[in-house]
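K.L.:
Okay, handing you the structure first.
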Amino acid sequence: PSEEVAYVACTYRETGIEQPDFLATIDLSPGSCSYGQVIHHLPMPNLKDELHSSGWSAGNVCFEDCTRGRRKLVLPSLISSRVYVVDVGTQCRAPRLCKMIEPVDIFWKCDKGHLNVPHALPNGDVLIANMGDPAGNGKGGFIVLDGESFELKGNWEKSCEVPATGHDFWFQPRHNVLVSSAGLVLKRAGPAFNPDDLHKGVFGRHLNVWDLSCRTLIQSFDLGEDSLPFSVRFLHNPDAAEGYVSCALSGVIYRFFKNEARCWAVEEVIRIPPKKVRGWILPEMPAFPAHIIISRDDRFLYVSNWLHGDIRQYDISCTSKPRLVGQVFVGGSILRGGPVTVCRDEELKCQPEPLVIKGRTVHGGPYKMQLSLDGRRLYVTNSFCSSWDKQLYPDLIREGSVMLLIDVDMEAGGLCVNKNFLVDFGKEPCGPALARDIHFPCGD
């Protein structure tokens, strides 16, 4: 079925507005009088949590057991380290908070903090990646919640040795593997992007491979200094032993796969070139592929390039040789008429025009994406991290985020901004908000 509502995690941190973060429910039924509008707000009980990523309490198991469907949405907090569990099954258009795990419990029981991406494990429990320790120093690994009660079970990994940093992860049970990315040291890089932090171990460089059943780290790939591996995705085919990871500072996307020796390997398959610029904090603006998703049929890979401002569509019918078939600019730092001048560009002949929809200029760059199940509608929000937003996209802080709709050509490939759709989080009752992760209860 087509998606009828979306849940979007929103934050007020670093905006100057003393209001709690909230979960917004968006009406996505085209025939509805409230289409493209926020129809419900669920405020969290605390301030400055920084809701960022979110995930369901039941994964693929819900298709085999309808009693474990997508009824609970898990919302970890990037800064406060708090975890919220929201009931969306009782009233899908008016979710309610049903569980809260306080940071002190996570600090004492797990010695972890700064929580990011949650996914449901095959056994029904919820796994959440962490980015650091309670003080914000770099520390990878995961915490586990019980899939029914959502009580904190403790750390997931058995070994005492964990990666220096953590961010995202995905797994493939039929190959008994979990792959995680490195992220950054939040204590150092969280307050702002500082070029002086480059080459100092602040930005991660490793892709980590775990034994899913033994919960131990078995391989680690060094992707280069300050590569910043971020978003990880396996192909949807459960028999496929391959996927992709995007590196947010090097602009490289790697394919990871099982080789002929049945060991895991990586290879570079996409490199988005940097741009020589004036008027920015560095003379060269790197590509920043912060988020990737794969269509359900494993045919297309979508990439959000947060700094440059474009969304890219690659045909991955040949997984080792992705082919660019669609590209659209929806903001970014290199727009014509802005403070940044592009001096040399390997891809574009001129700087892209600002995007205006329904009289609203879109600020910021594309980050979180969600694709409809039929693959024809790509939704995107444009806030990456409140402190980095404030530094690099001050207009976004003043005017708030938007949620856009990109129409997808599923036959030949191609992307087009839908000018009839705009969710404007700048018009929130409490003031402009920053929007992040998107989920559909029907499946995503």
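Naming scheme: A, B, ... for chains in displayed order of the structure tokens; residues 1 onward per chain; ligands 1 onward as shown.
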What lies within 10 Å of A:Leu373 using only C-alpha atoms, ignoring chain neighbours under 3 positions off, as a list in words?
P.N.:
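The residues that qualify are Pro1, Ser2, Glu3, Ser295, Arg296, Asp297, Gln370, Arg376, Arg377, Leu378, Phe440, Cys442, Gly443 and Asp444 of chain A.
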K.L.:
With a distance cut-off of 9 Å and only C-alpha atoms, select the neighbouring residues of stretch 98-114 of chain A, excluding the residue or stretch itself and same-chain residues fewer than 6 positions from it, and output the selection as a ChimeraX atom specification.
P.N.:
/A:72,76-87,129-136,139-143,149-155,186
K.L.:
Which neighbours of A:Ala189 fall inside 12 Å, counting only C-alpha atoms, when residues of the same chain fewer than 3 positions from it are skipped, and could you give them as JSON, numbers by chain?
P.N.:
{"A": [131, 132, 136, 137, 138, 183, 184, 185, 186, 192, 193, 194, 195, 196, 197, 198, 200, 201, 202, 203, 204, 228, 385, 387, 388]}
K.L.:
Might you pull out every residue within 9 Å of stretch 270-281 of chain A, with only C-alpha atoms counted and same-chain residues fewer than 4 positions away left off, and present them as an MDAnalysis selection string?
P.N.:
chainID A and resid 194:195 250:255 285:289 308 321:323 333:334 339:347
K.L.:
For A:Asn176, which residue among A:Gly147, A:Pro429, A:Pro441, A:Pro238 is the nearest when counting only C-alpha atoms?
P.N.:
A:Pro238
K.L.:
Quick one: residues within 10 Å of A:Leu324, only C-alpha atoms, excluding same-chain residues fewer than 3 positions away - as a PyMOL selection string?
P.N.:
chain A and resi 270+300-302+312-316+321+327+413-414
K.L.:
With DSSP run on the backbone, what are the helix (DSSP H, G or I) residues within stretch 131-227 of chain A? I'd like them as a list of chain:residue names.
P.N.:
A:Pro173, A:Arg174, A:His175, A:Leu186, A:Lys187, A:Arg188, A:Ala189, A:Pro195, A:Asp196, A:Asp197
K.L.:
To one decimal in Å, tell me the separation between atom CA of A:Gly365 and atom CA of A:Pro229.
P.N.:
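Rounded to one decimal, the two atoms are 18.6 Å apart.
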K.L.:
According to DSSP computed on the backbone, where in stretch 88-331 of chain A is there strand (DSSP E or B)? Give the residues as a ChimeraX atom specification.
P.N.:
/A:96-101,113-120,126-132,138,142-145,152-155,169-172,177-180,184,203,206-211,216-222,229-234,242-247,252-258,264-271,275-278,284-285,289-294,300-305,310-315,323-329
K.L.:
Which of these, A:Ala433, A:Lys258, A:Gln391, A:Val232, has the shortest distance to A:Phe22 once you count only C-alpha atoms?
P.N.:
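For A:Phe22, the nearest of the given residues is A:Ala433.
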K.L.:
In terms of the shortest atom-to-atom distance over only C-alpha atoms, which of A:Leu145, A:Ala435, A:Ala182, A:Leu73 is closest to A:Leu207?
P.N.:
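Nearest to A:Leu207: A:Ala182.
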K.L.:
Which is closest to A:Thr319 among A:Arg299, A:Val74, A:Leu396, A:Glu225, if we use only C-alpha atoms?
P.N.:
A:Arg299
K.L.:
Could you give me, as a list in words, the residues within 12 Å of A:Lys358, counting only C-alpha atoms and dropping anything in the same chain fewer than 3 positions from it?
P.N.:
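Using only C-alpha atoms, the neighbours found are Leu355, Thr361, Val362, Val402, Leu404, Asn418, Lys419, Asn420, Phe421, Leu422, Val423 and Asp424 of chain A.
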K.L.:
Residues of the last selection are to be written out with N, CA, C and O atoms, as a tab-separated table (two decimals), in the first residue's frame.
P.N.:
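Contents of the output file result27.tsv:
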```tsv
chain	number	residue	atom	x	y	z
A	355	LEU	N	16.61	26.43	-4.59
A	355	LEU	CA	15.33	25.76	-4.76
A	355	LEU	C	14.25	26.53	-3.99
A	355	LEU	O	14.38	26.77	-2.79
A	361	THR	N	12.14	29.38	0.15
A	361	THR	CA	13.49	29.00	-0.24
A	361	THR	C	13.99	27.90	0.68
A	361	THR	O	13.88	28.01	1.91
A	362	VAL	N	14.51	26.84	0.09
A	362	VAL	CA	14.99	25.70	0.87
A	362	VAL	C	16.44	25.94	1.26
A	362	VAL	O	17.31	26.13	0.40
A	402	VAL	N	12.67	21.62	6.15
A	402	VAL	CA	11.55	21.23	5.29
A	402	VAL	C	11.65	19.73	5.05
A	402	VAL	O	12.69	19.11	5.25
A	404	LEU	N	10.84	17.32	1.76
A	404	LEU	CA	10.56	17.42	0.33
A	404	LEU	C	10.18	16.06	-0.23
A	404	LEU	O	10.48	15.02	0.37
A	418	ASN	N	9.15	17.40	-6.61
A	418	ASN	CA	7.72	17.62	-6.71
A	418	ASN	C	7.40	18.99	-6.10
A	418	ASN	O	7.47	19.17	-4.88
A	419	LYS	N	7.04	19.94	-6.95
A	419	LYS	CA	6.80	21.32	-6.50
A	419	LYS	C	5.44	21.50	-5.80
A	419	LYS	O	5.14	22.59	-5.32
A	420	ASN	N	4.65	20.44	-5.73
A	420	ASN	CA	3.34	20.53	-5.07
A	420	ASN	C	3.37	20.01	-3.63
A	420	ASN	O	2.34	20.00	-2.96
A	421	PHE	N	4.54	19.58	-3.19
A	421	PHE	CA	4.65	19.00	-1.84
A	421	PHE	C	5.70	19.75	-1.05
A	421	PHE	O	6.83	19.93	-1.51
A	422	LEU	N	5.35	20.18	0.16
A	422	LEU	CA	6.30	20.82	1.07
A	422	LEU	C	5.76	20.75	2.49
A	422	LEU	O	4.66	21.20	2.77
A	423	VAL	N	6.53	20.13	3.36
A	423	VAL	CA	6.24	20.21	4.80
A	423	VAL	C	7.20	21.23	5.38
A	423	VAL	O	8.42	21.03	5.37
A	424	ASP	N	6.67	22.34	5.86
A	424	ASP	CA	7.48	23.46	6.33
A	424	ASP	C	7.56	23.45	7.85
A	424	ASP	O	6.61	23.85	8.54
```
K.L.:
When you count only C-alpha atoms, which of these residues is closest to A:Gly364: A:Tyr393, A:Tyr379, A:Phe384, A:Phe230?
P.N.:
A:Tyr393
K.L.:
Would you kindly return, as a list of chain:residue names, each protein, DNA or RNA residue with an atom no farther than 10 Å from any atom of A:Gln172, considering only C-alpha atoms and excluding same-chain residues fewer than 4 positions away?
P.N.:
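These residues fall inside the cut-off: A:Pro122, A:Asn176, A:Val177, A:Leu178, A:Val179, A:Leu212, A:Arg233, A:Phe234, A:Leu235, A:His236, A:Asn237, A:Pro238, A:Asp239, A:Ala240, A:Ala241, A:Glu242, A:Gly243.
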